[in-house]
Amino acid sequence: MILLEVVFLVIFWTWAVSAVLFLRNTVLPKLPLPSEPAQFGLEAETVRFPSSDGLELEGWKIPGDPARPWLILCHGVGSNRSDLLDIATGLHRRGFNLFLFDFRGHGGSEGRTTSFGWWEQRDLEGAMSFLGRQTDVPERPYGVYGISMGAVVAILVAARDERLGAVAADSPYTDLDDSLGRHLGLLYRLPRVPFLWFVTTTYRLRFGVWPSRVSPRSAAPALSPRPLLLIQGAEDVRMPRHGAEKILKASGKPKELWVIRGAGHLEGYSLDPAGYLDRLSRFFESHLR
């Protein structure tokens, strides 16, 4: 009897610790926007629009050359749309029309919780619907560029929505359950067994879906014949190269993997801004008409 009580207490407290550690990371402080488009010489309209499940989101609409495509830019977890202004400026100088927005729980958007890619798909859906209602936005496929969580959302939504005609994804995770297990070790030095089971179960209880369902690798085959550009830092320990290679292998054509030497997580742009922007621009110019 005492042994059963000890086993129960061990399991209970292991789950409790795992749940607290995980849930604490789903509620992030909203960082203020440290910069505005005007500081980069960009003329932008601040807009508010609903996600597909009704949350009010905030973004910037930045028109460029009317004859050029529209690109939607998706930031990573814990940041906001202002983090993409450097890249946005370079793309705008190349004539692209841009739409940047904050995911729920970030920047100027409503919400307090992040689901690391599941609920955030509704935000990208809302952004596309907003653009579709704009009289100055042509009815043709958009390009989407995302980093980290934003890259994951871009792949997941594009796999089932042909309004996205080309996807550039910098440092997506392969599957959410794999990423959760890796970050248990990176952030807390906890082993996957038994902690990952408790974390994935907590995710299921909190968000209504198992994290294995949040899988760019599983979604990737549905992208074809729309193109996919995967951008990967060779030294990224958070989203390792072998994960990008798994997504690439699962994808149909056209597809390409660009591995940047010496780059950690999301460091590719800072190592060579001009080269990064040139590669990104060529990709969208080649596949969006």
# chains A, B, ... in the order shown; residues from 1 in each chain; ligands from 1
$ select_by_dssp --residues "segment 173-284 of chain A" --states "strand (DSSP E)" --output "ChimeraX atom specification"
/A:228-233,255-260
$ residues_around --residues "segment 120-127 of chain A" --least-positions-apart "6" --cutoff "10 Å" --atoms "only C-alpha atoms" --output "PDB file with N, CA and C atoms, in the first residue's frame"
ATOM      1  N   ARG A  48      -6.406  46.494 -38.208  1.00  0.00           N
ATOM      2  CA  ARG A  48      -6.882  45.473 -37.282  1.00  0.00           C
ATOM      3  C   ARG A  48      -7.885  44.604 -38.018  1.00  0.00           C
ATOM      4  N   PHE A  49      -7.831  43.315 -37.771  1.00  0.00           N
ATOM      5  CA  PHE A  49      -8.663  42.363 -38.508  1.00  0.00           C
ATOM      6  C   PHE A  49      -8.861  41.120 -37.641  1.00  0.00           C
ATOM      7  N   PRO A  50      -9.892  40.328 -37.916  1.00  0.00           N
ATOM      8  CA  PRO A  50     -10.131  39.135 -37.100  1.00  0.00           C
ATOM      9  C   PRO A  50      -9.377  37.914 -37.618  1.00  0.00           C
ATOM     10  N   SER A  51      -8.939  37.084 -36.707  1.00  0.00           N
ATOM     11  CA  SER A  51      -8.478  35.752 -37.089  1.00  0.00           C
ATOM     12  C   SER A  51      -9.703  34.951 -37.537  1.00  0.00           C
ATOM     13  N   SER A  52      -9.492  33.782 -38.103  1.00  0.00           N
ATOM     14  CA  SER A  52     -10.633  32.999 -38.572  1.00  0.00           C
ATOM     15  C   SER A  52     -11.483  32.464 -37.429  1.00  0.00           C
ATOM     16  N   ASP A  53     -10.979  32.523 -36.192  1.00  0.00           N
ATOM     17  CA  ASP A  53     -11.803  32.140 -35.047  1.00  0.00           C
ATOM     18  C   ASP A  53     -12.185  33.343 -34.179  1.00  0.00           C
ATOM     19  N   GLY A  54     -12.027  34.571 -34.721  1.00  0.00           N
ATOM     20  CA  GLY A  54     -12.625  35.742 -34.107  1.00  0.00           C
ATOM     21  C   GLY A  54     -11.762  36.605 -33.218  1.00  0.00           C
ATOM     22  N   LEU A  55     -10.475  36.280 -33.031  1.00  0.00           N
ATOM     23  CA  LEU A  55      -9.605  37.126 -32.215  1.00  0.00           C
ATOM     24  C   LEU A  55      -9.183  38.358 -33.026  1.00  0.00           C
ATOM     25  N   GLU A  56      -9.089  39.508 -32.376  1.00  0.00           N
ATOM     26  CA  GLU A  56      -8.680  40.722 -33.089  1.00  0.00           C
ATOM     27  C   GLU A  56      -7.160  40.797 -33.142  1.00  0.00           C
ATOM     28  N   LEU A  57      -6.643  40.911 -34.360  1.00  0.00           N
ATOM     29  CA  LEU A  57      -5.205  40.949 -34.592  1.00  0.00           C
ATOM     30  C   LEU A  57      -4.814  42.300 -35.175  1.00  0.00           C
ATOM     31  N   GLU A  58      -3.518  42.609 -35.086  1.00  0.00           N
ATOM     32  CA  GLU A  58      -3.021  43.883 -35.595  1.00  0.00           C
ATOM     33  C   GLU A  58      -1.887  43.631 -36.580  1.00  0.00           C
ATOM     34  N   GLY A  59      -1.824  44.476 -37.613  1.00  0.00           N
ATOM     35  CA  GLY A  59      -0.765  44.298 -38.596  1.00  0.00           C
ATOM     36  C   GLY A  59      -0.454  45.578 -39.342  1.00  0.00           C
ATOM     37  N   ILE A  72       3.194  37.752 -47.306  1.00  0.00           N
ATOM     38  CA  ILE A  72       2.795  37.801 -45.904  1.00  0.00           C
ATOM     39  C   ILE A  72       3.977  37.319 -45.079  1.00  0.00           C
ATOM     40  N   LEU A  73       4.363  38.107 -44.073  1.00  0.00           N
ATOM     41  CA  LEU A  73       5.516  37.775 -43.237  1.00  0.00           C
ATOM     42  C   LEU A  73       5.045  37.359 -41.846  1.00  0.00           C
ATOM     43  N   CYS A  74       5.563  36.225 -41.356  1.00  0.00           N
ATOM     44  CA  CYS A  74       5.116  35.634 -40.094  1.00  0.00           C
ATOM     45  C   CYS A  74       6.289  35.524 -39.114  1.00  0.00           C
ATOM     46  N   PHE A  99       2.628  42.342 -46.098  1.00  0.00           N
ATOM     47  CA  PHE A  99       1.680  42.367 -44.995  1.00  0.00           C
ATOM     48  C   PHE A  99       2.332  41.669 -43.802  1.00  0.00           C
ATOM     49  N   LEU A 100       2.542  42.425 -42.719  1.00  0.00           N
ATOM     50  CA  LEU A 100       3.115  41.903 -41.485  1.00  0.00           C
ATOM     51  C   LEU A 100       2.045  41.964 -40.411  1.00  0.00           C
ATOM     52  N   PHE A 101       1.955  40.945 -39.581  1.00  0.00           N
ATOM     53  CA  PHE A 101       0.957  40.964 -38.508  1.00  0.00           C
ATOM     54  C   PHE A 101       1.498  40.250 -37.279  1.00  0.00           C
ATOM     55  N   ASP A 102       0.851  40.523 -36.151  1.00  0.00           N
ATOM     56  CA  ASP A 102       1.208  39.864 -34.899  1.00  0.00           C
ATOM     57  C   ASP A 102       0.320  38.646 -34.676  1.00  0.00           C
ATOM     58  N   PHE A 103       0.923  37.512 -34.369  1.00  0.00           N
ATOM     59  CA  PHE A 103       0.146  36.357 -33.938  1.00  0.00           C
ATOM     60  C   PHE A 103      -0.559  36.670 -32.624  1.00  0.00           C
ATOM     61  N   ARG A 104      -1.582  35.916 -32.313  1.00  0.00           N
ATOM     62  CA  ARG A 104      -2.290  36.063 -31.042  1.00  0.00           C
ATOM     63  C   ARG A 104      -1.312  35.974 -29.869  1.00  0.00           C
ATOM     64  N   GLY A 105      -1.575  36.802 -28.864  1.00  0.00           N
ATOM     65  CA  GLY A 105      -0.706  36.802 -27.697  1.00  0.00           C
ATOM     66  C   GLY A 105       0.618  37.521 -27.912  1.00  0.00           C
ATOM     67  N   SER A 109      -1.790  42.315 -30.948  1.00  0.00           N
ATOM     68  CA  SER A 109      -2.937  41.430 -31.138  1.00  0.00           C
ATOM     69  C   SER A 109      -3.526  40.967 -29.811  1.00  0.00           C
ATOM     70  N   THR A 114       0.120  31.284 -26.409  1.00  0.00           N
ATOM     71  CA  THR A 114       0.618  30.744 -27.670  1.00  0.00           C
ATOM     72  C   THR A 114       0.516  29.227 -27.639  1.00  0.00           C
ATOM     73  N   VAL A 144       4.342  33.553 -48.847  1.00  0.00           N
ATOM     74  CA  VAL A 144       4.425  33.637 -47.392  1.00  0.00           C
ATOM     75  C   VAL A 144       5.852  33.307 -46.968  1.00  0.00           C
ATOM     76  N   MET A 149       8.391  29.541 -35.473  1.00  0.00           N
ATOM     77  CA  MET A 149       6.974  29.196 -35.399  1.00  0.00           C
ATOM     78  C   MET A 149       6.224  29.726 -36.609  1.00  0.00           C
ATOM     79  N   GLY A 150       6.573  30.924 -37.077  1.00  0.00           N
ATOM     80  CA  GLY A 150       5.925  31.473 -38.265  1.00  0.00           C
ATOM     81  C   GLY A 150       6.157  30.616 -39.491  1.00  0.00           C
ATOM     82  N   VAL A 152       6.535  27.340 -39.398  1.00  0.00           N
ATOM     83  CA  VAL A 152       5.656  26.185 -39.187  1.00  0.00           C
ATOM     84  C   VAL A 152       4.237  26.509 -39.630  1.00  0.00           C
ATOM     85  N   VAL A 153       3.717  27.643 -39.172  1.00  0.00           N
ATOM     86  CA  VAL A 153       2.362  28.051 -39.520  1.00  0.00           C
ATOM     87  C   VAL A 153       2.233  28.210 -41.032  1.00  0.00           C
ATOM     88  N   ALA A 154       3.236  28.783 -41.676  1.00  0.00           N
ATOM     89  CA  ALA A 154       3.200  28.976 -43.122  1.00  0.00           C
ATOM     90  C   ALA A 154       3.045  27.644 -43.849  1.00  0.00           C
ATOM     91  N   ILE A 155       3.810  26.637 -43.449  1.00  0.00           N
ATOM     92  CA  ILE A 155       3.730  25.330 -44.102  1.00  0.00           C
ATOM     93  C   ILE A 155       2.384  24.672 -43.837  1.00  0.00           C
ATOM     94  N   LEU A 156       1.924  24.701 -42.587  1.00  0.00           N
ATOM     95  CA  LEU A 156       0.669  24.025 -42.234  1.00  0.00           C
ATOM     96  C   LEU A 156      -0.518  24.623 -42.975  1.00  0.00           C
ATOM     97  N   VAL A 157      -0.585  25.934 -43.054  1.00  0.00           N
ATOM     98  CA  VAL A 157      -1.721  26.581 -43.719  1.00  0.00           C
ATOM     99  C   VAL A 157      -1.627  26.413 -45.232  1.00  0.00           C
ATOM    100  N   ALA A 158      -0.437  26.595 -45.785  1.00  0.00           N
ATOM    101  CA  ALA A 158      -0.278  26.473 -47.236  1.00  0.00           C
ATOM    102  C   ALA A 158      -0.615  25.071 -47.722  1.00  0.00           C
ATOM    103  N   ASP A 161      -4.378  25.351 -48.213  1.00  0.00           N
ATOM    104  CA  ASP A 161      -4.982  26.582 -48.701  1.00  0.00           C
ATOM    105  C   ASP A 161      -4.178  27.112 -49.886  1.00  0.00           C
ATOM    106  N   ARG A 163      -4.491  29.682 -51.561  1.00  0.00           N
ATOM    107  CA  ARG A 163      -4.259  31.125 -51.639  1.00  0.00           C
ATOM    108  C   ARG A 163      -2.794  31.447 -51.412  1.00  0.00           C
TER     109      ARG A 163
END
$ atom_distance --atom1 "atom CA of Tyr142 of chain A" --atom2 "atom CA of Leu271 of chain A"
27.3 Å
$ atom_distance --atom1 "atom CA of Glu110 of chain A" --atom2 "atom CA of Leu205 of chain A"
22.0 Å
$ residues_around --residues "Gly76 of chain A" --least-positions-apart "3" --cutoff "10 Å" --atoms "only C-alpha atoms" --output "ChimeraX atom specification"
/A:79-81,83-84,102-103,106,116-117,146-153,170-172,266
$ residues_around --residues "segment 34-44 of chain A" --least-positions-apart "2" --cutoff "12 Å" --atoms "only C-alpha atoms" --output "short mmCIF file (atom, residue, chain, number, x, y, z; two decimals) with N, CA and C atoms, in the first residue's frame"
data_model
loop_
_atom_site.label_atom_id
_atom_site.label_comp_id
_atom_site.auth_asym_id
_atom_site.auth_seq_id
_atom_site.Cartn_x
_atom_site.Cartn_y
_atom_site.Cartn_z
N LYS A 30 3.87 40.23 -23.45
CA LYS A 30 3.75 40.89 -24.75
C LYS A 30 4.81 41.97 -24.87
N LEU A 31 5.74 41.75 -25.76
CA LEU A 31 6.80 42.73 -25.95
C LEU A 31 6.28 43.90 -26.78
N PRO A 32 6.57 45.12 -26.39
CA PRO A 32 6.15 46.27 -27.19
C PRO A 32 6.89 46.29 -28.52
N THR A 46 -1.52 50.87 -40.42
CA THR A 46 -1.79 49.95 -39.32
C THR A 46 -3.24 49.51 -39.40
N VAL A 47 -3.45 48.20 -39.40
CA VAL A 47 -4.80 47.66 -39.58
C VAL A 47 -5.12 46.67 -38.46
N GLY A 59 -1.82 44.48 -37.61
CA GLY A 59 -0.76 44.30 -38.60
C GLY A 59 -0.45 45.58 -39.34
N TRP A 60 0.51 45.47 -40.26
CA TRP A 60 0.89 46.56 -41.14
C TRP A 60 0.69 46.14 -42.58
N LYS A 61 0.03 46.98 -43.33
CA LYS A 61 -0.12 46.79 -44.77
C LYS A 61 0.83 47.77 -45.45
N ILE A 62 1.77 47.23 -46.21
CA ILE A 62 2.83 48.05 -46.81
C ILE A 62 2.84 47.83 -48.31
N PRO A 63 2.13 48.66 -49.08
CA PRO A 63 2.09 48.47 -50.53
C PRO A 63 3.44 48.78 -51.18
N GLY A 64 3.70 48.08 -52.26
CA GLY A 64 4.90 48.33 -53.06
C GLY A 64 4.51 48.57 -54.51
N SER A 79 8.13 37.05 -30.06
CA SER A 79 8.54 38.33 -30.64
C SER A 79 7.30 39.04 -31.18
N ASN A 80 7.45 39.82 -32.23
CA ASN A 80 6.31 40.46 -32.88
C ASN A 80 6.72 40.90 -34.28
N ARG A 81 5.79 41.54 -34.98
CA ARG A 81 6.02 41.84 -36.39
C ARG A 81 7.19 42.81 -36.62
N SER A 82 7.51 43.62 -35.64
CA SER A 82 8.60 44.58 -35.83
C SER A 82 9.94 43.87 -36.02
N ASP A 83 10.08 42.64 -35.55
CA ASP A 83 11.32 41.90 -35.73
C ASP A 83 11.62 41.62 -37.20
N LEU A 84 10.61 41.73 -38.05
CA LEU A 84 10.79 41.43 -39.47
C LEU A 84 10.96 42.68 -40.32
N LEU A 85 11.08 43.85 -39.69
CA LEU A 85 11.14 45.09 -40.46
C LEU A 85 12.42 45.21 -41.30
N ASP A 86 13.53 44.69 -40.80
CA ASP A 86 14.76 44.73 -41.60
C ASP A 86 14.56 43.98 -42.92
N ILE A 87 14.07 42.74 -42.80
CA ILE A 87 13.84 41.93 -43.99
C ILE A 87 12.75 42.55 -44.86
N ALA A 88 11.70 43.07 -44.21
CA ALA A 88 10.62 43.70 -44.96
C ALA A 88 11.13 44.88 -45.78
N THR A 89 12.02 45.66 -45.21
CA THR A 89 12.57 46.81 -45.92
C THR A 89 13.31 46.37 -47.18
N GLY A 90 14.12 45.34 -47.06
CA GLY A 90 14.84 44.83 -48.22
C GLY A 90 13.92 44.29 -49.30
N LEU A 91 12.87 43.59 -48.89
CA LEU A 91 11.92 43.06 -49.86
C LEU A 91 11.12 44.18 -50.52
N HIS A 92 10.78 45.20 -49.73
CA HIS A 92 10.03 46.33 -50.29
C HIS A 92 10.86 47.08 -51.31
N ARG A 93 12.13 47.24 -51.07
CA ARG A 93 13.01 47.91 -52.03
C ARG A 93 13.10 47.15 -53.34
N GLY A 95 10.48 45.84 -54.59
CA GLY A 95 9.18 46.04 -55.21
C GLY A 95 8.03 45.25 -54.64
N ASN A 97 4.94 43.92 -52.37
CA ASN A 97 3.93 44.40 -51.45
C ASN A 97 3.94 43.49 -50.22
N LEU A 98 3.79 44.07 -49.03
CA LEU A 98 4.01 43.31 -47.81
C LEU A 98 2.86 43.44 -46.83
N PHE A 99 2.63 42.34 -46.10
CA PHE A 99 1.68 42.37 -44.99
C PHE A 99 2.33 41.67 -43.80
N LEU A 100 2.54 42.42 -42.72
CA LEU A 100 3.11 41.90 -41.49
C LEU A 100 2.05 41.96 -40.41
N PHE A 101 1.95 40.95 -39.58
CA PHE A 101 0.96 40.96 -38.51
C PHE A 101 1.50 40.25 -37.28
N GLY A 107 2.62 41.23 -29.56
CA GLY A 107 2.53 42.58 -30.08
C GLY A 107 1.21 43.26 -29.79
N GLY A 108 0.55 43.76 -30.85
CA GLY A 108 -0.70 44.48 -30.68
C GLY A 108 -1.94 43.63 -30.83
#
$ residues_around --residues "Ser212 of chain A" --least-positions-apart "6" --cutoff "9 Å" --atoms "only C-alpha atoms" --output "number ranges by chain"
A: 175-178, 200
$ closest_residue --among "A:Leu184, A:Ala274, A:Tyr269, A:Val214" --to "Arg238 of chain A" --atoms "only C-alpha atoms"
A:Leu184
$ closest_residue --among "A:Ala263, A:Leu180, A:Leu288, A:Val27" --to "Ala234 of chain A" --atoms "only C-alpha atoms"
A:Ala263
$ select_by_dssp --residues "segment 58-250 of chain A" --states "helix (DSSP H, G or I)" --output "ChimeraX atom specification"
/A:81-93,120-132,149-158,176-188,192-207,211-213,216-223,241-250
